[in-house]
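Engineer: Please see the structure below; I have some questions.
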Amino acid sequence: MERKTRIEIAKPGLDGHDRGAKYIARALKDAGYEVIYTGIRQTPESIVATAIQEDVDFVGLSLLSGAHNELFPRVVELLKTEGAEDIIVFGGGVIPEEDIEPLTKKGIQAIFRPGTPISAVIDFIESKKKTTAA
Amino acid sequence: MEIVKGIVAGNIRSIARAVSIVENNMEGKEELLDELHTHTGNAVVWGITGPPGAGKSTLADRLIQKERSEGKKVAVIAVDPSSPFTGGSLLGDRLRMQTHATDPGVFIRSMASRGHLGGISTAAFDAVKIFDAAGYDTIMVETIGVGQTEVEIIELSDIVMLVLVPGMGDEIQAMKAGVMEIGDIFVVNKSDREGAERLKAEVEYVLMISEKPKESPQKKICMTSARDNTGIDELHRILQTKHTEDLKSGFLEEKRKHRLNKELSNLFYLKTREFLEEQLSIGAQMDTWIEGIYKKEIKPYKFISEKMKELKKEYVKG
């Protein structure tokens, strides 16, 4: 039996704008993935604890408050501390162009900005998931 | 097995991996469960079931809090439906329990039903064993929002809570076969709403007129509002008292043996079926047989009994 791909969608930080996160969660469900949705106001610690308990392959972070440069890399760091660096982190939200490269360097493997078609996210997951299948 | 050591030591990653192994039916599953078997039997399993939106997850969240205040370790298995069309699933139950996410004494695992129809997933049975072996004192299994026939949660739990809310219909709904028979404890949630008292009275009435064997324990009704955290202390007390009573009366042992009976029979059927399919190469010959039956050249029952005769000659001695 093929291993099902599991994805956590979470919103770190304090902004409550969850339409984007909910849209992504639904679209990924419709694409056949198992999506664990944790809702708003999550800390990097709770996001990482969830990722490990749920044994996910991907963590998708959505953030619109502007704190992405602190919170996204913190999630990657904590995953490493927990020995779970095999979990792939991607992000989305209102993120300035010039922040993308530094974030990628810190281990966030893709950033999807407003207006990205959902197919781009699915292509990303499909291209990465084979290497994560246990 | 390395992973077994990790699980028994309570290592979170090992436990999480093991649940994925049983969920995906991966290699090593049977050996894993066999290795864990001697470590199981200490946890108490509570089932939480009821219609969609009844407040099952919020109730679970409150019960986690109660158990934690007594220093117990808690695992929650929350099942949500998979889409029959895409196979995808949006698992949102843990949203209501997320305040416990970073508590090392709480492990929450979301599971998709993956086409299984009983209200829980097949792997939930095995996941319970993993958490049991890992030393969790209480394991709660939350079903998908059930209708009237998803009764499998009884097979899995020591105690089943059926969560009901006012405004679901008249007492005839409550009298229908199936769902009312699965609860050990009836929780009337959202008790601040209009109609809660009437619902309680209706449930009491149905329980009063329903026939049951004399030796089976009394069913309990409890009014709660999980959102406002009222009635939770009482529910928790009922759960604990019932467990103590069932343990003392031997009812729990009987229930667990009945569960083993079901599990073992299922395994026998499953394995026998796999064996038969291999031996008879059913899949490969099916088309020919169907063709014959369709053209009325083969009588179906005569055909089957001849096949069975062949089989018995080959595999049954004497």
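Numbering starts fresh at 1 for the residues of each chain in the structure tokens, the chains themselves are lettered A, B, ... in the order given, and ligands are numbered from 1 as they appear.
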Show me, as a PyMOL selection string, the residues that have an atom within 9 Å of segment 61-78 of chain B when counting only C-alpha atoms, minus same-chain residues fewer than 6 positions from it.
Structural biologist: chain B and resi 91-94+96-100+104-112+120+124+127-128+131-132+135-144+226-227+229+232-233+235-236
Engineer: Which chain A residues have any atom within 12 Å of an atom of chain B, and for each, what is the nearest pair of atoms with distance in Å to one decimal, counting only C-alpha atoms, rows sorted by chain and number, as a Markdown table?
Structural biologist:
| residue | atom | partner | partner_atom | distance |
| --- | --- | --- | --- | --- |
| A:Met1 | CA | B:Asn24 | CA | 6.5 |
| A:Glu2 | CA | B:Asn24 | CA | 7.1 |
| A:Arg3 | CA | B:Asn24 | CA | 5.6 |
| A:Lys4 | CA | B:Asn24 | CA | 7.2 |
| A:Thr5 | CA | B:Gly88 | CA | 9.4 |
| A:Arg6 | CA | B:Ser89 | CA | 9.4 |
| A:Ile7 | CA | B:Leu90 | CA | 9.8 |
| A:Glu8 | CA | B:Leu91 | CA | 9.4 |
| A:Ile9 | CA | B:Leu90 | CA | 10.1 |
| A:Ala10 | CA | B:Leu95 | CA | 10.1 |
| A:Lys11 | CA | B:Leu95 | CA | 11.6 |
| A:Lys22 | CA | B:Leu90 | CA | 10.0 |
| A:Tyr23 | CA | B:Leu90 | CA | 11.3 |
| A:Ile24 | CA | B:Leu90 | CA | 10.7 |
| A:Ala25 | CA | B:Leu90 | CA | 7.0 |
| A:Arg26 | CA | B:Leu90 | CA | 6.9 |
| A:Ala27 | CA | B:Gly88 | CA | 9.6 |
| A:Leu28 | CA | B:Gly88 | CA | 7.6 |
| A:Lys29 | CA | B:Gly88 | CA | 4.5 |
| A:Asp30 | CA | B:Gly88 | CA | 5.9 |
| A:Ala31 | CA | B:Gly88 | CA | 6.5 |
| A:Gly32 | CA | B:Gly88 | CA | 3.6 |
| A:Tyr33 | CA | B:Gly88 | CA | 4.5 |
| A:Glu34 | CA | B:Ser89 | CA | 4.6 |
| A:Val35 | CA | B:Leu90 | CA | 4.9 |
| A:Ile36 | CA | B:Leu91 | CA | 4.7 |
| A:Tyr37 | CA | B:Gly92 | CA | 5.3 |
| A:Thr38 | CA | B:Leu95 | CA | 4.8 |
| A:Gly39 | CA | B:Leu95 | CA | 6.0 |
| A:Ile40 | CA | B:Leu95 | CA | 9.0 |
| A:Arg41 | CA | B:Gln98 | CA | 10.2 |
| A:Gln42 | CA | B:Gln98 | CA | 8.5 |
| A:Thr43 | CA | B:Thr102 | CA | 9.5 |
| A:Pro44 | CA | B:Thr102 | CA | 10.1 |
| A:Glu45 | CA | B:Thr102 | CA | 6.8 |
| A:Ser46 | CA | B:Thr102 | CA | 5.3 |
| A:Ile47 | CA | B:Ala101 | CA | 8.1 |
| A:Val48 | CA | B:Thr102 | CA | 8.8 |
| A:Ala49 | CA | B:Thr102 | CA | 6.0 |
| A:Thr50 | CA | B:Ala101 | CA | 6.3 |
| A:Ala51 | CA | B:Ala16 | CA | 9.6 |
| A:Ile52 | CA | B:Arg13 | CA | 6.3 |
| A:Gln53 | CA | B:Ala16 | CA | 5.3 |
| A:Glu54 | CA | B:Arg109 | CA | 5.5 |
| A:Asp55 | CA | B:Ala16 | CA | 5.5 |
| A:Val56 | CA | B:Ala16 | CA | 9.3 |
| A:Asp57 | CA | B:Ser20 | CA | 11.2 |
| A:Leu79 | CA | B:Arg13 | CA | 11.6 |
| A:Glu82 | CA | B:Arg13 | CA | 8.9 |
| A:Gly83 | CA | B:Arg13 | CA | 8.9 |
| A:Ala84 | CA | B:Arg13 | CA | 8.6 |
| A:Ala133 | CA | B:Asn24 | CA | 11.3 |
| A:Ala134 | CA | B:Met26 | CA | 9.4 |
Engineer: Need the shell around segment 215-219 of chain B: protein/DNA/RNA residues with any atom at most 9 Å away, counting only C-alpha atoms. Skip same-chain ones fewer than 2 positions apart. Format as a list in words?
Structural biologist: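 These residues fall inside the cut-off: Gly183, Asp184, Ile185, Phe186, Leu207, Lys212, Pro213, Ile221, Lys242, Glu245, Asp246 and Phe251 of chain B.
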Engineer: Please dump the current selection as a short mmCIF file (atom, residue, chain, number, x, y, z; two decimals), in the first residue's frame; keep C-alpha atoms.
Structural biologist:
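Dumped to result.cif:
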data_model
loop_
_atom_site.label_atom_id
_atom_site.label_comp_id
_atom_site.auth_asym_id
_atom_site.auth_seq_id
_atom_site.Cartn_x
_atom_site.Cartn_y
_atom_site.Cartn_z
CA GLY B 183 -23.56 4.40 24.62
CA ASP B 184 -22.58 3.44 28.16
CA ILE B 185 -22.82 7.09 29.14
CA PHE B 186 -25.17 9.51 27.40
CA LEU B 207 -33.44 3.78 28.34
CA LYS B 212 -31.51 -5.29 28.52
CA PRO B 213 -29.91 -8.25 30.19
CA ILE B 221 -26.94 10.31 31.58
CA LYS B 242 -17.87 3.08 35.94
CA GLU B 245 -17.23 -0.97 38.91
CA ASP B 246 -16.60 -2.73 35.59
CA PHE B 251 -17.56 -6.80 33.09
#
Engineer: Write down as a PyMOL selection string the residues belonging to segment 19-198 of chain B that are assigned helix (DSSP H, G or I) by DSSP computed on the backbone.
Structural biologist: chain B and resi 19-23+29-37+56-69+93-100+122-133+153-156+171-175+179-181+196-198
Engineer: Calculate how many Å separate atom CA of Thr58 of chain B from atom CA of Met223 of chain B, rounding to one decimal.
Structural biologist: 14.4 Å
Engineer: Contacts between segment 107-130 of chain A and segment 42-70 of chain A, please, where a residue of segment 42-70 of chain A counts if it comes within 12 Å (with only C-alpha atoms); show its shortest atom pair and distance in Å to one decimal, rows by chain and ascending number, as CSV.
Structural biologist:
residue,atom,partner,partner_atom,distance
A:Val56,CA,A:Lys129,CA,11.0
A:Asp57,CA,A:Lys129,CA,7.5
A:Phe58,CA,A:Ile125,CA,8.1
A:Val59,CA,A:Ile108,CA,9.8
A:Gly60,CA,A:Ala110,CA,9.5
A:Leu61,CA,A:Ile111,CA,9.3
A:Ser62,CA,A:Phe112,CA,9.4
A:Leu63,CA,A:Arg113,CA,10.5
A:Leu64,CA,A:Pro114,CA,10.4
A:His68,CA,A:Ile108,CA,10.7
A:Asn69,CA,A:Ile108,CA,10.5
A:Glu70,CA,A:Ile108,CA,11.9
Engineer: Could you give me, as a list of chain:residue names, the residues within 9 Å of Val165 of chain B, counting only C-alpha atoms and dropping anything in the same chain fewer than 4 positions from it?
Structural biologist: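 The contact residues come out as B:Gly50, B:Pro51, B:Gly53, B:Ala54, B:Gly55, B:Val187, B:Val188, B:Asn189, B:Lys190, B:Ser191, B:Arg193, B:Gly195, B:Ala196, B:Leu199.
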Engineer: How would the residues just picked look written out with C-alpha atoms as an mmCIF file, in the first residue's frame?
Structural biologist:
data_model
loop_
_atom_site.group_PDB
_atom_site.id
_atom_site.type_symbol
_atom_site.label_atom_id
_atom_site.label_comp_id
_atom_site.auth_asym_id
_atom_site.auth_seq_id
_atom_site.Cartn_x
_atom_site.Cartn_y
_atom_site.Cartn_z
ATOM 1 C CA GLY B 50 -22.129 11.216 18.288
ATOM 2 C CA PRO B 51 -23.414 13.283 15.372
ATOM 3 C CA GLY B 53 -21.063 19.153 15.549
ATOM 4 C CA ALA B 54 -22.175 17.638 18.865
ATOM 5 C CA GLY B 55 -19.002 18.892 20.529
ATOM 6 C CA VAL B 187 -23.817 13.029 27.355
ATOM 7 C CA VAL B 188 -26.347 15.758 26.641
ATOM 8 C CA ASN B 189 -23.938 18.487 25.529
ATOM 9 C CA LYS B 190 -24.686 22.162 24.895
ATOM 10 C CA SER B 191 -26.962 21.886 27.929
ATOM 11 C CA ARG B 193 -29.510 25.390 24.844
ATOM 12 C CA GLY B 195 -34.549 21.666 24.580
ATOM 13 C CA ALA B 196 -31.699 20.146 26.603
ATOM 14 C CA LEU B 199 -33.745 15.656 25.312
#
Engineer: So the first atom is atom CA of Lys299 of chain B and the second is atom CA of Glu277 of chain B; what is the distance between them in Å, to one decimal place?
Structural biologist: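 We find that atom CA of Lys299 of chain B and atom CA of Glu277 of chain B lie 21.0 Å from each other.
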Engineer: Output as number ranges by chain all residues of segment 5-133 of chain A that backbone DSSP marks as strand (DSSP E).
Structural biologist: A: 6-12, 34-42, 58-63, 88-93, 110-112
Engineer: So what do you get for atom CA of Val206 of chain B versus atom CA of Met180 of chain B, distance-wise?
Structural biologist: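 Between atom CA of Val206 of chain B and atom CA of Met180 of chain B the gap works out to 8.6 Å.
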